[in-house]
Amino acid sequence: MVITLTLPWPPSVNHYFGQKGNKTFITPAGLAFRKAVYIVSLPYQKTELYDKKLNLFISAYPPDNRVRDLDNIIKSLQDALQYSLIYKNDFQINDLHVRRMKDNKGCVIVEIDEFLDE
């Protein structure tokens with residue numbers, strides 16, 4: 001089984017999490033992203049991949065031509081997919097690939113399938 005999701009551009013980790021004193025929280029932008037991912041993910045919640053080791057392939061289509069670090073979107077994306085019940089925990093991801101695409105669509109396409117030990 002392969003799950004393919006087209007999701008909005010994730011907030012960077014700096015905009016996903018906030019901090020007040022010693023408490024870390026998810027910002028309003030982070031909560032909005034989580035909700036958007038949850039809605040798109042509804043048909044794929046708790047499938048046969050839910051508790052398996054996983055491959056995660058991310059094709060990142062930035063919203064504009066600004067310089068961006070791709071690693072800044074990974075944590076918020078993985079957190080939202082876990083919240084959306086695609087998998088139990090992001091520690092299940094054994095193989096992670098992220099590639100920047102040329103078109104400025106402002107989205108990410110995520111493909112998830114089972115990681116098979118060789």
# chains A, B, ... in the order shown; residues from 1 in each chain; ligands from 1
call {"tool": "residues_around", "arguments": {"residues": "A:Asp71", "least_positions_apart": "4", "cutoff": "12 Å", "atoms": "only C-alpha atoms", "output": "list in words"}}
result
Pro10, Pro11, Ser12, Val13, Asn14, Ile58, Ala60, Lys75, Ser76, Leu77, Gln78, Leu96, His97, Val98, Arg99 and Arg100 of chain A
call {"tool": "write_last_selection", "arguments": {"atoms": "all heavy atoms", "output": "CSV table (one decimal), in the first residue's frame"}}
result
chain,number,residue,atom,x,y,z
A,10,PRO,N,4.0,23.4,4.7
A,10,PRO,CA,4.1,23.4,6.1
A,10,PRO,C,4.8,24.7,6.7
A,10,PRO,O,5.7,25.2,6.1
A,10,PRO,CB,5.0,22.2,6.5
A,10,PRO,CG,5.1,21.4,5.2
A,10,PRO,CD,4.9,22.4,4.1
A,11,PRO,N,4.3,25.1,7.9
A,11,PRO,CA,5.1,26.2,8.5
A,11,PRO,C,6.4,25.6,9.0
A,11,PRO,O,6.6,24.5,9.3
A,11,PRO,CB,4.2,26.5,9.7
A,11,PRO,CG,3.3,25.3,10.0
A,11,PRO,CD,3.2,24.6,8.7
A,12,SER,N,7.4,26.5,9.0
A,12,SER,CA,8.7,26.1,9.4
A,12,SER,C,8.6,25.8,10.9
A,12,SER,O,7.7,26.1,11.6
A,12,SER,CB,9.8,27.2,9.2
A,12,SER,OG,9.5,28.3,10.1
A,13,VAL,N,9.6,25.0,11.4
A,13,VAL,CA,9.6,24.6,12.8
A,13,VAL,C,9.5,25.9,13.7
A,13,VAL,O,8.9,25.9,14.8
A,13,VAL,CB,10.8,23.7,13.2
A,13,VAL,CG1,12.1,24.5,13.2
A,13,VAL,CG2,10.5,23.0,14.4
A,14,ASN,N,10.1,27.0,13.3
A,14,ASN,CA,10.1,28.3,14.0
A,14,ASN,C,8.7,28.9,14.1
A,14,ASN,O,8.4,29.7,15.0
A,14,ASN,CB,11.0,29.3,13.4
A,14,ASN,CG,12.5,28.8,13.5
A,14,ASN,OD1,12.8,28.0,14.3
A,14,ASN,ND2,13.3,29.3,12.5
A,58,ILE,N,9.1,13.1,0.4
A,58,ILE,CA,8.5,14.4,0.3
A,58,ILE,C,9.0,15.2,-0.9
A,58,ILE,O,10.2,15.3,-1.0
A,58,ILE,CB,8.8,15.2,1.6
A,58,ILE,CG1,8.4,14.4,2.9
A,58,ILE,CG2,8.2,16.6,1.6
A,58,ILE,CD1,9.0,15.0,4.2
A,60,ALA,N,8.8,18.8,-2.2
A,60,ALA,CA,8.5,20.1,-1.7
A,60,ALA,C,8.4,21.1,-2.8
A,60,ALA,O,9.4,21.4,-3.5
A,60,ALA,CB,9.5,20.5,-0.6
A,75,LYS,N,9.8,18.5,10.6
A,75,LYS,CA,9.2,18.2,11.9
A,75,LYS,C,7.7,18.6,11.9
A,75,LYS,O,6.9,17.8,12.4
A,75,LYS,CB,9.9,19.0,13.0
A,75,LYS,CG,9.4,18.6,14.4
A,75,LYS,CD,9.6,17.1,14.7
A,75,LYS,CE,9.0,16.8,16.0
A,75,LYS,NZ,8.7,15.4,16.2
A,76,SER,N,7.3,19.7,11.4
A,76,SER,CA,5.9,20.1,11.5
A,76,SER,C,5.1,19.2,10.6
A,76,SER,O,4.0,18.8,10.9
A,76,SER,CB,5.7,21.5,11.1
A,76,SER,OG,6.2,21.8,9.8
A,77,LEU,N,5.6,18.7,9.5
A,77,LEU,CA,4.9,17.8,8.6
A,77,LEU,C,4.8,16.4,9.3
A,77,LEU,O,3.7,15.9,9.3
A,77,LEU,CB,5.7,17.7,7.3
A,77,LEU,CG,5.1,16.8,6.2
A,77,LEU,CD1,3.7,17.2,5.8
A,77,LEU,CD2,6.0,16.8,5.0
A,78,GLN,N,5.8,15.9,9.8
A,78,GLN,CA,5.7,14.6,10.5
A,78,GLN,C,4.8,14.7,11.7
A,78,GLN,O,4.0,13.8,11.9
A,78,GLN,CB,7.1,14.2,11.0
A,78,GLN,CG,8.0,13.7,9.9
A,78,GLN,CD,9.4,13.3,10.4
A,78,GLN,OE1,9.9,13.7,11.4
A,78,GLN,NE2,10.0,12.5,9.6
A,96,LEU,N,13.8,8.5,4.9
A,96,LEU,CA,13.2,9.8,4.7
A,96,LEU,C,14.0,10.5,3.5
A,96,LEU,O,15.2,10.6,3.6
A,96,LEU,CB,13.4,10.6,6.0
A,96,LEU,CG,13.0,12.1,5.9
A,96,LEU,CD1,11.5,12.2,5.6
A,96,LEU,CD2,13.3,12.8,7.2
A,97,HIS,N,13.2,10.9,2.6
A,97,HIS,CA,13.7,11.6,1.4
A,97,HIS,C,13.0,12.9,1.2
A,97,HIS,O,11.7,12.9,1.2
A,97,HIS,CB,13.6,10.8,0.1
A,97,HIS,CG,14.4,9.5,0.2
A,97,HIS,ND1,15.7,9.4,-0.3
A,97,HIS,CD2,14.1,8.3,0.7
A,97,HIS,CE1,16.1,8.2,-0.1
A,97,HIS,NE2,15.2,7.5,0.5
A,98,VAL,N,13.7,14.0,1.0
A,98,VAL,CA,13.1,15.3,0.8
A,98,VAL,C,13.7,15.9,-0.4
A,98,VAL,O,15.0,15.9,-0.5
A,98,VAL,CB,13.2,16.2,2.0
A,98,VAL,CG1,12.5,17.5,1.7
A,98,VAL,CG2,12.7,15.6,3.3
A,99,ARG,N,12.9,16.3,-1.4
A,99,ARG,CA,13.5,17.0,-2.5
A,99,ARG,C,12.7,18.3,-2.8
A,99,ARG,O,11.5,18.3,-2.7
A,99,ARG,CB,13.5,16.1,-3.8
A,99,ARG,CG,12.1,15.6,-4.2
A,99,ARG,CD,12.2,14.7,-5.3
A,99,ARG,NE,10.8,14.2,-5.5
A,99,ARG,CZ,10.5,13.0,-6.1
A,99,ARG,NH1,11.5,12.2,-6.5
A,99,ARG,NH2,9.3,12.6,-6.2
A,100,ARG,N,13.5,19.3,-3.2
A,100,ARG,CA,12.9,20.6,-3.6
A,100,ARG,C,12.5,20.5,-5.1
A,100,ARG,O,13.3,20.1,-5.9
A,100,ARG,CB,13.9,21.7,-3.3
A,100,ARG,CG,13.4,23.1,-3.6
A,100,ARG,CD,14.5,24.1,-3.5
A,100,ARG,NE,15.5,23.9,-2.5
A,100,ARG,CZ,15.5,24.3,-1.3
A,100,ARG,NH1,14.5,25.1,-0.8
A,100,ARG,NH2,16.5,24.0,-0.5
call {"tool": "residues_around", "arguments": {"residues": "A:Val37", "least_positions_apart": "6", "cutoff": "7 Å", "atoms": "only C-alpha atoms", "output": "list of chain:residue names"}}
result
A:Leu7, A:Ala80, A:Leu81, A:Ser84
call {"tool": "write_last_selection", "arguments": {"atoms": "all heavy atoms", "output": "tab-separated table (two decimals), in the first residue's frame"}}
result
chain	number	residue	atom	x	y	z
A	7	LEU	N	-0.49	18.17	0.30
A	7	LEU	CA	-0.74	18.97	1.50
A	7	LEU	C	-0.27	20.40	1.30
A	7	LEU	O	0.60	20.66	0.48
A	7	LEU	CB	0.00	18.35	2.69
A	7	LEU	CG	-0.32	16.88	2.97
A	7	LEU	CD1	0.64	16.33	4.02
A	7	LEU	CD2	-1.76	16.73	3.42
A	80	ALA	N	2.19	16.65	12.08
A	80	ALA	CA	0.81	16.72	11.58
A	80	ALA	C	0.33	15.37	11.05
A	80	ALA	O	-0.83	15.00	11.23
A	80	ALA	CB	0.71	17.79	10.49
A	81	LEU	N	1.22	14.61	10.41
A	81	LEU	CA	0.83	13.28	9.92
A	81	LEU	C	0.57	12.33	11.08
A	81	LEU	O	-0.36	11.52	11.03
A	81	LEU	CB	1.92	12.72	9.00
A	81	LEU	CG	2.06	13.41	7.65
A	81	LEU	CD1	3.34	12.99	6.95
A	81	LEU	CD2	0.84	13.15	6.78
A	84	SER	N	-2.71	13.18	12.55
A	84	SER	CA	-3.78	12.77	11.63
A	84	SER	C	-3.97	11.26	11.55
A	84	SER	O	-4.72	10.77	10.73
A	84	SER	CB	-3.48	13.31	10.23
A	84	SER	OG	-3.44	14.72	10.27
call {"tool": "atom_distance", "arguments": {"atom1": "atom CA of A:Phe115", "atom2": "atom CA of A:Asn55"}}
result
5.2 Å
call {"tool": "select_by_dssp", "arguments": {"residues": "stretch 70-115 of chain A", "states": "helix (DSSP H, G or I)", "output": "number ranges by chain"}}
result
A: 71-83, 90-92
call {"tool": "write_last_selection", "arguments": {"atoms": "N, CA and C atoms", "output": "PDB file, in the first residue's frame"}}
result
ATOM      1  N   ASP A  71      14.966  21.287   5.678  1.00  0.00           N
ATOM      2  CA  ASP A  71      14.813  20.573   6.945  1.00  0.00           C
ATOM      3  C   ASP A  71      13.893  21.301   7.926  1.00  0.00           C
ATOM      4  N   ASN A  72      13.594  22.573   7.693  1.00  0.00           N
ATOM      5  CA  ASN A  72      12.702  23.308   8.586  1.00  0.00           C
ATOM      6  C   ASN A  72      11.235  22.912   8.466  1.00  0.00           C
ATOM      7  N   ILE A  73      10.865  22.192   7.421  1.00  0.00           N
ATOM      8  CA  ILE A  73       9.458  21.796   7.271  1.00  0.00           C
ATOM      9  C   ILE A  73       9.201  20.355   7.709  1.00  0.00           C
ATOM     10  N   ILE A  74      10.253  19.595   7.929  1.00  0.00           N
ATOM     11  CA  ILE A  74      10.082  18.166   8.188  1.00  0.00           C
ATOM     12  C   ILE A  74       9.364  17.896   9.501  1.00  0.00           C
ATOM     13  N   LYS A  75       9.776  18.534  10.584  1.00  0.00           N
ATOM     14  CA  LYS A  75       9.185  18.237  11.897  1.00  0.00           C
ATOM     15  C   LYS A  75       7.700  18.572  11.943  1.00  0.00           C
ATOM     16  N   SER A  76       7.320  19.732  11.433  1.00  0.00           N
ATOM     17  CA  SER A  76       5.895  20.098  11.466  1.00  0.00           C
ATOM     18  C   SER A  76       5.078  19.159  10.592  1.00  0.00           C
ATOM     19  N   LEU A  77       5.630  18.734   9.470  1.00  0.00           N
ATOM     20  CA  LEU A  77       4.939  17.801   8.591  1.00  0.00           C
ATOM     21  C   LEU A  77       4.770  16.434   9.258  1.00  0.00           C
ATOM     22  N   GLN A  78       5.838  15.917   9.837  1.00  0.00           N
ATOM     23  CA  GLN A  78       5.748  14.619  10.513  1.00  0.00           C
ATOM     24  C   GLN A  78       4.790  14.681  11.706  1.00  0.00           C
ATOM     25  N   ASP A  79       4.831  15.762  12.454  1.00  0.00           N
ATOM     26  CA  ASP A  79       3.940  15.927  13.601  1.00  0.00           C
ATOM     27  C   ASP A  79       2.481  15.938  13.152  1.00  0.00           C
ATOM     28  N   ALA A  80       2.187  16.654  12.079  1.00  0.00           N
ATOM     29  CA  ALA A  80       0.812  16.724  11.577  1.00  0.00           C
ATOM     30  C   ALA A  80       0.335  15.372  11.049  1.00  0.00           C
ATOM     31  N   LEU A  81       1.216  14.610  10.408  1.00  0.00           N
ATOM     32  CA  LEU A  81       0.834  13.281   9.920  1.00  0.00           C
ATOM     33  C   LEU A  81       0.567  12.331  11.085  1.00  0.00           C
ATOM     34  N   GLN A  82       1.349  12.432  12.146  1.00  0.00           N
ATOM     35  CA  GLN A  82       1.093  11.611  13.337  1.00  0.00           C
ATOM     36  C   GLN A  82      -0.230  12.005  13.976  1.00  0.00           C
ATOM     37  N   TYR A  83      -0.471  13.294  14.123  1.00  0.00           N
ATOM     38  CA  TYR A  83      -1.730  13.795  14.686  1.00  0.00           C
ATOM     39  C   TYR A  83      -2.924  13.314  13.862  1.00  0.00           C
ATOM     40  N   ASP A  90       6.382   9.263  14.749  1.00  0.00           N
ATOM     41  CA  ASP A  90       7.348   9.457  13.665  1.00  0.00           C
ATOM     42  C   ASP A  90       8.643   8.675  13.836  1.00  0.00           C
ATOM     43  N   PHE A  91       8.818   7.986  14.963  1.00  0.00           N
ATOM     44  CA  PHE A  91       9.980   7.090  15.076  1.00  0.00           C
ATOM     45  C   PHE A  91       9.850   5.906  14.131  1.00  0.00           C
ATOM     46  N   GLN A  92       8.666   5.664  13.580  1.00  0.00           N
ATOM     47  CA  GLN A  92       8.458   4.570  12.623  1.00  0.00           C
ATOM     48  C   GLN A  92       9.102   4.850  11.270  1.00  0.00           C
TER      49      GLN A  92
END
call {"tool": "residues_around", "arguments": {"residues": "A:Glu48", "least_positions_apart": "5", "cutoff": "10 Å", "atoms": "only C-alpha atoms", "output": "ChimeraX atom specification"}}
result
/A:1,86-87,113-114
call {"tool": "atom_distance", "arguments": {"atom1": "atom CA of A:Ile26", "atom2": "atom CA of A:Leu85"}}
result
17.7 Å
call {"tool": "closest_residue", "arguments": {"among": "A:Lys23, A:Asp103, A:Ile3, A:Val108", "to": "A:Gln45", "atoms": "only C-alpha atoms"}}
result
A:Ile3
call {"tool": "closest_residue", "arguments": {"among": "A:Thr6, A:Thr47, A:Thr24, A:Asn65", "to": "A:Cys107", "atoms": "only C-alpha atoms"}}
result
A:Thr6
call {"tool": "residues_around", "arguments": {"residues": "A:Thr27", "least_positions_apart": "3", "cutoff": "7 Å", "atoms": "only C-alpha atoms", "output": "list in words"}}
result
His15, Tyr16, Phe17, Gly18, Gly30 and Leu31 of chain A
call {"tool": "closest_residue", "arguments": {"among": "A:Met101, A:Leu5, A:Ile109, A:Ile93", "to": "A:Leu49", "atoms": "only C-alpha atoms"}}
result
A:Ile93
call {"tool": "select_by_dssp", "arguments": {"residues": "chain A", "states": "strand (DSSP E)", "output": "ChimeraX atom specification"}}
result
/A:2-8,17-20,23-26,54-61,93-100,107-114
call {"tool": "closest_residue", "arguments": {"among": "A:Gly106, A:Leu54, A:Ser59, A:Trp9", "to": "A:Asn89", "atoms": "only C-alpha atoms"}}
result
A:Leu54
